[in-house]
Structure formats: structure tokens, C-alpha cells
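Some notes on the structure that comes next.
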Protein chains: 2
Amino acid sequence: MTKEGRKARHVGILISGRGSNMLALADAVRDGRVPGAEVAVVLSDKPQAAGLARARERGIETLVVERTGRTREEHEREIVSALRERGVEFVCLAGYMRLLSPCFVGEFRGRVLNIHPSLLPAFPGLDAQRQAIEHGVKFSGCTVHFVDETLDGGPIITQRVVAVLDSDTEETLAARILAEEHRAYAEALALVCGGGYEVVGRRVLRKK
Amino acid sequence: MTKEGRKARHVGILISGRGSNMLALADAVRDGRVPGAEVAVVLSDKPQAAGLARARERGIETLVVERTGRTREEHEREIVSALRERGVEFVCLAGYMRLLSPCFVGEFRGRVLNIHPSLLPAFPGLDAQRQAIEHGVKFSGCTVHFVDETLDGGPIITQRVVAVLDSDTEETLAARILAEEHRAYAEALALVCGGGYEVVGRRVLRKK
């Protein structure tokens, strides 16, 4: 239950590693910056993901669902079941290193969020920060978007801009973008959980 | 001659229409915001281009070189000759509606600048502002880049960012981006004329 006495909307977060965006989301929820939301479970496909212990320290249930020896569909079906059992309405990907199948996306249509370290549609895919440096752009940033069947191509919920400096390396740029990712993801989840938006074509607009 | 007594570096500006960026560049040069530069000629491939009269009002030589009945190469060769006769070192495209051939680019390698109304590499080609609106990005902007053989793909000299608002239409966004284009183009030409940069890979870096 939320402070306002309404039933909290359950969020599941999928990670594969340290889950820095997961921690930022968990802290934002704890601090009241995502009103009406509760992180119900943090789920990793890798048992060694460092984020699992950090989530448990915060009193959040964690779960490991490994792929080992199974088809992608079987693996995803188990994840979907685990999320459904916990009443998860919104799924946030936070460094989850697998592409989701159309089946998964279909189960949570319009309710799976991902964050990407570039101003999409520029630099989709891996190593976005390196792509930005090598392309020579003067600004990059991050994008929170709904996940659909395309690679980093779903409707954009929010973006934040970061200047690329002449002195930047992939690492220094990634660090500055990451700080903005933490803010952007909490903002986006708050908007989506609050329901104060509509999707018109590809545009995610705030309801008036 | 410049105020400092050095020989001015001659800039040629190519237009096809009203040439709003041409006027912004001409005014920036006149106001001393592009030190050491002089606009030697404004050249249009269309005799009816509204920018021609505006350039003449400012005391700038204008020239019309029509394509009519000739190959692209013949047309470009005449433009190159006209620019060379006037000692033009840098060529700025300002709403010039033709693609330049590799020949032209080769004649002025690394000295042809273009401006594009998006944060490249996002939304190259026509109707960049409409593309941005339809894609649902939260930020767009403009890019001044060196022209090479690719479409809007040469090394990026400068970019400026503009927020895309929920209430934006293609027209309102284009107007806000255009104001930034005028600033960006003058900044970029000043950097390039001053020589205070180096191109490393695709990156345009300021010399230390």
C-alpha cells in the first residue's frame, strides 16, 4: 500500500550485472520520487550479478532465473510467471543483457521500459558511448523508451542531454551519461506509473 | 583586408532560396563575430532566390549560375571557377538544394561547410524537423559539419540542442531550431576560419 492508501503498482527490475540503474530506481521509489510504485522483485539471469546483493540490502526480493540449457521462450516464460506471481505491472530493464522476444513484449505490451546511453535514434546497440565519441558528436545523453520488437526503437518516454567534451574518453563520457540515466529513469517510471501520458504515433505526450 | 591588417579569408556562400543562414553568416562577419573572414560572393543556382537581393542590400557580390541543360559536372565546374576567381577558401552551404559531387568536394576538401536542422547522425536528409517530431525525440537541434561524399555525414564542427515540446509542430520546432542554426553557423565558421581545430578520425577537436 502507498502512503495515500492506494494499492502500490508493482515494478519488476531485470538486471544482468551491477544494476546501477536498478539501484537508482529502488532509491527513487524509496525516497518518494516515483509516487505509487513499489519495487516487487529484482530478477537476474546471472547468479553472480553484483546488483542482487545490493537489492537484498535494501530489503527487496531477488530472484535468479538462468537460461541454462533452455530455449529463449522457456526462459522468458519462467520470468513472466515469476513477475506475474508478484503482481508486476511494469518491467524495467537495467543492464539486462538479453534481447526480449516478441512473446515477452506482448505479455507486457507498453509496460516494459529500457534505458539506453545515447540520444536515440542515434547510436543504438552496443557501445553507444564509444559510437558517440568515434562519430564526433558534440552532444549525447540517454533515452528511456518503451520496449517493442525493434532494437532500442520503441517510443521515447524521456531523454537527457550530456555535452561531449574534446577531452572525453569512452569512460568519462559513460560516467557523465550514467549520472543522467539515474535521473531520467526515475522520471520516466514516475510518469508511466502515474499514467499521465498518452502515446500518439511514436510520441509519448503528457496528458493535459 | 581585416582590421588587423591581415588578408581576409574569402568565404563563398551557396544558396537556393531565402538564405536565412547566409544572412546570419553575413551579419556575423560584418559584426566581427567571424574574425578574419570576408563574404566574397553569394552564389545561387536559382535566379529567383530571395536571398540574392538581401545579399546585394548588404553590399555583397551575388552571382547566379543555373544548371539549365548541363551536366552536374559542367554546372559545378562553373561554380568552382567563379569561387576560385574570387579567391574563395571556404564554402558555406546555406539552403543550397543540390547535392555536391565528389569533384566539388575534392576541389575544396575540408573547406565546405553545411548546416543541417537535426542532431546528426539522427534524421539526415529532407524534412529533418518532421522526422524528429514523428520519431518522438525529446531533443533535437542543429549540426554544422564538413561536407564529404556522404549525405549529411561529414565530421561535425558544432551542434546546438533544442528541446522538442509536446505542443510542437514541424513549423514551431523548425523556427526554434533555425534561431540556433544562425548562432551555430557563425561559431563554426569562426572556428574553421581561425584554424584553431584539428580533425582526428571523425572528431573535430579544438587545438590546445
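FYI, nothing fancy with the C-alpha cells labels: chains A, B, ... in order, residues from 1 per chain, ligands from 1 as they appear.
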Using only C-alpha atoms, what does the table of chain A residues within 8 Å of chain B look like, with each row giving the shortest atom pair and its distance in Å to one decimal, sorted by chain and ascending number, as JSON lines?
{"residue": "A:Leu120", "atom": "CA", "partner": "B:Val137", "partner_atom": "CA", "distance": 7.6}
{"residue": "A:Pro121", "atom": "CA", "partner": "B:Ala122", "partner_atom": "CA", "distance": 6.0}
{"residue": "A:Ala122", "atom": "CA", "partner": "B:Ala122", "partner_atom": "CA", "distance": 5.3}
{"residue": "A:Ile133", "atom": "CA", "partner": "B:Arg203", "partner_atom": "CA", "distance": 7.7}
{"residue": "A:Glu134", "atom": "CA", "partner": "B:Arg202", "partner_atom": "CA", "distance": 6.5}
{"residue": "A:His135", "atom": "CA", "partner": "B:Arg202", "partner_atom": "CA", "distance": 5.8}
{"residue": "A:Gly136", "atom": "CA", "partner": "B:Arg203", "partner_atom": "CA", "distance": 4.2}
{"residue": "A:Val137", "atom": "CA", "partner": "B:Ile156", "partner_atom": "CA", "distance": 6.3}
{"residue": "A:Lys138", "atom": "CA", "partner": "B:Gln159", "partner_atom": "CA", "distance": 5.9}
{"residue": "A:Phe139", "atom": "CA", "partner": "B:Gln159", "partner_atom": "CA", "distance": 7.3}
{"residue": "A:Pro155", "atom": "CA", "partner": "B:Gly136", "partner_atom": "CA", "distance": 6.8}
{"residue": "A:Ile156", "atom": "CA", "partner": "B:Gly136", "partner_atom": "CA", "distance": 6.1}
{"residue": "A:Thr158", "atom": "CA", "partner": "B:Lys138", "partner_atom": "CA", "distance": 6.4}
{"residue": "A:Gln159", "atom": "CA", "partner": "B:Lys138", "partner_atom": "CA", "distance": 5.9}
{"residue": "A:Val161", "atom": "CA", "partner": "B:Phe139", "partner_atom": "CA", "distance": 7.9}
{"residue": "A:Asp166", "atom": "CA", "partner": "B:Leu205", "partner_atom": "CA", "distance": 5.8}
{"residue": "A:Gly201", "atom": "CA", "partner": "B:Glu134", "partner_atom": "CA", "distance": 7.4}
{"residue": "A:Arg202", "atom": "CA", "partner": "B:Gly136", "partner_atom": "CA", "distance": 5.6}
{"residue": "A:Arg203", "atom": "CA", "partner": "B:Gly136", "partner_atom": "CA", "distance": 4.2}
{"residue": "A:Val204", "atom": "CA", "partner": "B:Gly136", "partner_atom": "CA", "distance": 6.7}
{"residue": "A:Leu205", "atom": "CA", "partner": "B:Asp166", "partner_atom": "CA", "distance": 5.8}
{"residue": "A:Arg206", "atom": "CA", "partner": "B:Asp166", "partner_atom": "CA", "distance": 7.2}
Got a sec: who's within 9 Å of Leu25 of chain B, counting only C-alpha atoms, leaving out chain neighbours fewer than 2 positions off, as a PyMOL selection string?
-> chain B and resi 13+20-23+27-30+34+39+182-183+185-186+189
Write out as an MDAnalysis selection string all residues of segment 32-138 of chain B that DSSP puts in strand (DSSP E) for this structure's backbone.
-> chainID B and resid 37:44 62:64 88:93 112:116
For the residues in that selection, give me N, CA, C and O atoms as a short mmCIF file (atom, residue, chain, number, x, y, z; two decimals), in the first residue's frame.
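Resulting contents of result.cif:
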data_model
loop_
_atom_site.label_atom_id
_atom_site.label_comp_id
_atom_site.auth_asym_id
_atom_site.auth_seq_id
_atom_site.Cartn_x
_atom_site.Cartn_y
_atom_site.Cartn_z
N ALA B 37 37.41 36.94 -41.57
CA ALA B 37 36.67 36.42 -42.73
C ALA B 37 35.99 37.55 -43.49
O ALA B 37 35.70 38.61 -42.94
N GLU B 38 35.76 37.30 -44.77
CA GLU B 38 35.03 38.25 -45.61
C GLU B 38 34.14 37.43 -46.55
O GLU B 38 34.61 36.46 -47.15
N VAL B 39 32.87 37.82 -46.65
CA VAL B 39 31.99 37.11 -47.58
C VAL B 39 32.25 37.69 -48.97
O VAL B 39 31.89 38.83 -49.27
N ALA B 40 32.91 36.88 -49.82
CA ALA B 40 33.33 37.38 -51.12
C ALA B 40 32.22 37.30 -52.16
O ALA B 40 32.16 38.12 -53.07
N VAL B 41 31.35 36.31 -52.03
CA VAL B 41 30.29 36.15 -53.03
C VAL B 41 29.17 35.28 -52.46
O VAL B 41 29.42 34.36 -51.67
N VAL B 42 27.95 35.61 -52.85
CA VAL B 42 26.79 34.76 -52.59
C VAL B 42 26.31 34.25 -53.94
O VAL B 42 26.01 35.05 -54.84
N LEU B 43 26.29 32.94 -54.08
CA LEU B 43 26.01 32.32 -55.36
C LEU B 43 24.76 31.45 -55.26
O LEU B 43 24.61 30.67 -54.33
N SER B 44 23.87 31.63 -56.23
CA SER B 44 22.64 30.84 -56.24
C SER B 44 22.50 30.08 -57.56
O SER B 44 22.90 30.58 -58.61
N THR B 62 26.76 39.19 -55.78
CA THR B 62 25.95 37.98 -55.99
C THR B 62 26.13 37.48 -57.40
O THR B 62 26.50 38.24 -58.31
N LEU B 63 25.82 36.22 -57.56
CA LEU B 63 26.05 35.56 -58.83
C LEU B 63 25.02 34.44 -58.97
O LEU B 63 24.73 33.75 -58.00
N VAL B 64 24.45 34.32 -60.18
CA VAL B 64 23.55 33.20 -60.44
C VAL B 64 24.22 32.27 -61.44
O VAL B 64 24.67 32.71 -62.50
N VAL B 88 38.03 32.39 -53.13
CA VAL B 88 37.27 31.76 -52.03
C VAL B 88 38.03 30.57 -51.46
O VAL B 88 38.47 29.69 -52.20
N GLU B 89 38.20 30.57 -50.14
CA GLU B 89 38.84 29.45 -49.45
C GLU B 89 37.84 28.53 -48.79
O GLU B 89 38.06 27.33 -48.67
N PHE B 90 36.75 29.13 -48.27
CA PHE B 90 35.75 28.34 -47.55
C PHE B 90 34.38 28.52 -48.20
O PHE B 90 34.00 29.64 -48.56
N VAL B 91 33.68 27.41 -48.35
CA VAL B 91 32.36 27.43 -48.98
C VAL B 91 31.32 27.02 -47.94
O VAL B 91 31.45 25.96 -47.30
N CYS B 92 30.33 27.88 -47.75
CA CYS B 92 29.25 27.55 -46.81
C CYS B 92 27.96 27.30 -47.60
O CYS B 92 27.52 28.17 -48.36
N LEU B 93 27.39 26.13 -47.39
CA LEU B 93 26.09 25.84 -47.99
C LEU B 93 25.01 26.34 -47.05
O LEU B 93 25.04 26.07 -45.85
N VAL B 112 34.41 22.86 -47.16
CA VAL B 112 32.98 23.08 -47.44
C VAL B 112 32.19 22.75 -46.19
O VAL B 112 32.34 21.68 -45.61
N LEU B 113 31.37 23.72 -45.75
CA LEU B 113 30.57 23.54 -44.55
C LEU B 113 29.09 23.47 -44.92
O LEU B 113 28.65 24.13 -45.86
N ASN B 114 28.35 22.68 -44.16
CA ASN B 114 26.90 22.64 -44.34
C ASN B 114 26.24 22.68 -42.98
O ASN B 114 26.86 22.34 -41.97
N ILE B 115 24.99 23.11 -42.95
CA ILE B 115 24.24 23.09 -41.72
C ILE B 115 23.00 22.25 -41.93
O ILE B 115 22.39 22.28 -43.01
N HIS B 116 22.64 21.49 -40.90
CA HIS B 116 21.51 20.57 -41.01
C HIS B 116 20.65 20.70 -39.75
O HIS B 116 21.18 20.73 -38.65
#
Which is closest to Val147 of chain B among B:Leu100, B:Ala82, B:Val65, B:Ala55, if we use only C-alpha atoms?
-> B:Leu100
List every residue of segment 78-202 of chain A that DSSP, applied to the backbone of this structure, assigns to alpha helix (DSSP H), and report them as a PyMOL selection string.
-> chain A and resi 78-85+102-107+128-135+170-194
Have a look at atom CA of Asp148 of chain B and atom CA of Leu99 of chain B and let me know their distance in Å, one decimal.
->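 Atom CA of Leu99 of chain B lies at a distance of 10.5 Å from atom CA of Asp148 of chain B.
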Near-Arg98 of chain B list (10 Å; only C-alpha atoms; drop same-chain fewer than 6 positions) as a PyMOL selection string | chain B and resi 14-16+45+72
Store the residues of this selection in a file with N, CA, C and O atoms, as a CSV table (one decimal), in the first residue's frame.
chain,number,residue,atom,x,y,z
B,14,LEU,N,26.7,29.5,-50.8
B,14,LEU,CA,25.8,28.9,-51.8
B,14,LEU,C,24.4,28.8,-51.3
B,14,LEU,O,24.1,28.2,-50.2
B,15,ILE,N,23.4,29.4,-52.0
B,15,ILE,CA,22.0,29.4,-51.6
B,15,ILE,C,21.1,28.9,-52.8
B,15,ILE,O,21.6,28.9,-53.9
B,16,SER,N,19.9,28.6,-52.4
B,16,SER,CA,18.9,28.3,-53.5
B,16,SER,C,17.6,29.0,-53.2
B,16,SER,O,16.7,29.1,-54.1
B,45,ASP,N,21.9,28.9,-57.5
B,45,ASP,CA,21.6,28.1,-58.7
B,45,ASP,C,20.2,28.5,-59.2
B,45,ASP,O,19.9,28.1,-60.3
B,72,ARG,N,25.7,17.9,-64.2
B,72,ARG,CA,26.1,18.3,-62.9
B,72,ARG,C,27.6,18.8,-62.9
B,72,ARG,O,27.9,19.8,-62.3
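For the pair atom CA of Ile79 of chain B and atom CA of Ile60 of chain B, the interatomic distance is 16.9 Å.
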Quick one: everything within 9 Å of Gln129 of chain B, counting only C-alpha atoms, minus sequence neighbours fewer than 2 positions away in the same chain. Send it as a list of chain:residue names.
-> B:Pro117, B:Ser118, B:Phe123, B:Leu126, B:Asp127, B:Gln131, B:Ala132, B:Ile133, B:Glu134, B:Ser140, B:Gly141, B:Thr169, B:Glu170, B:Glu171, B:Leu173, B:Ala174, B:Ile177
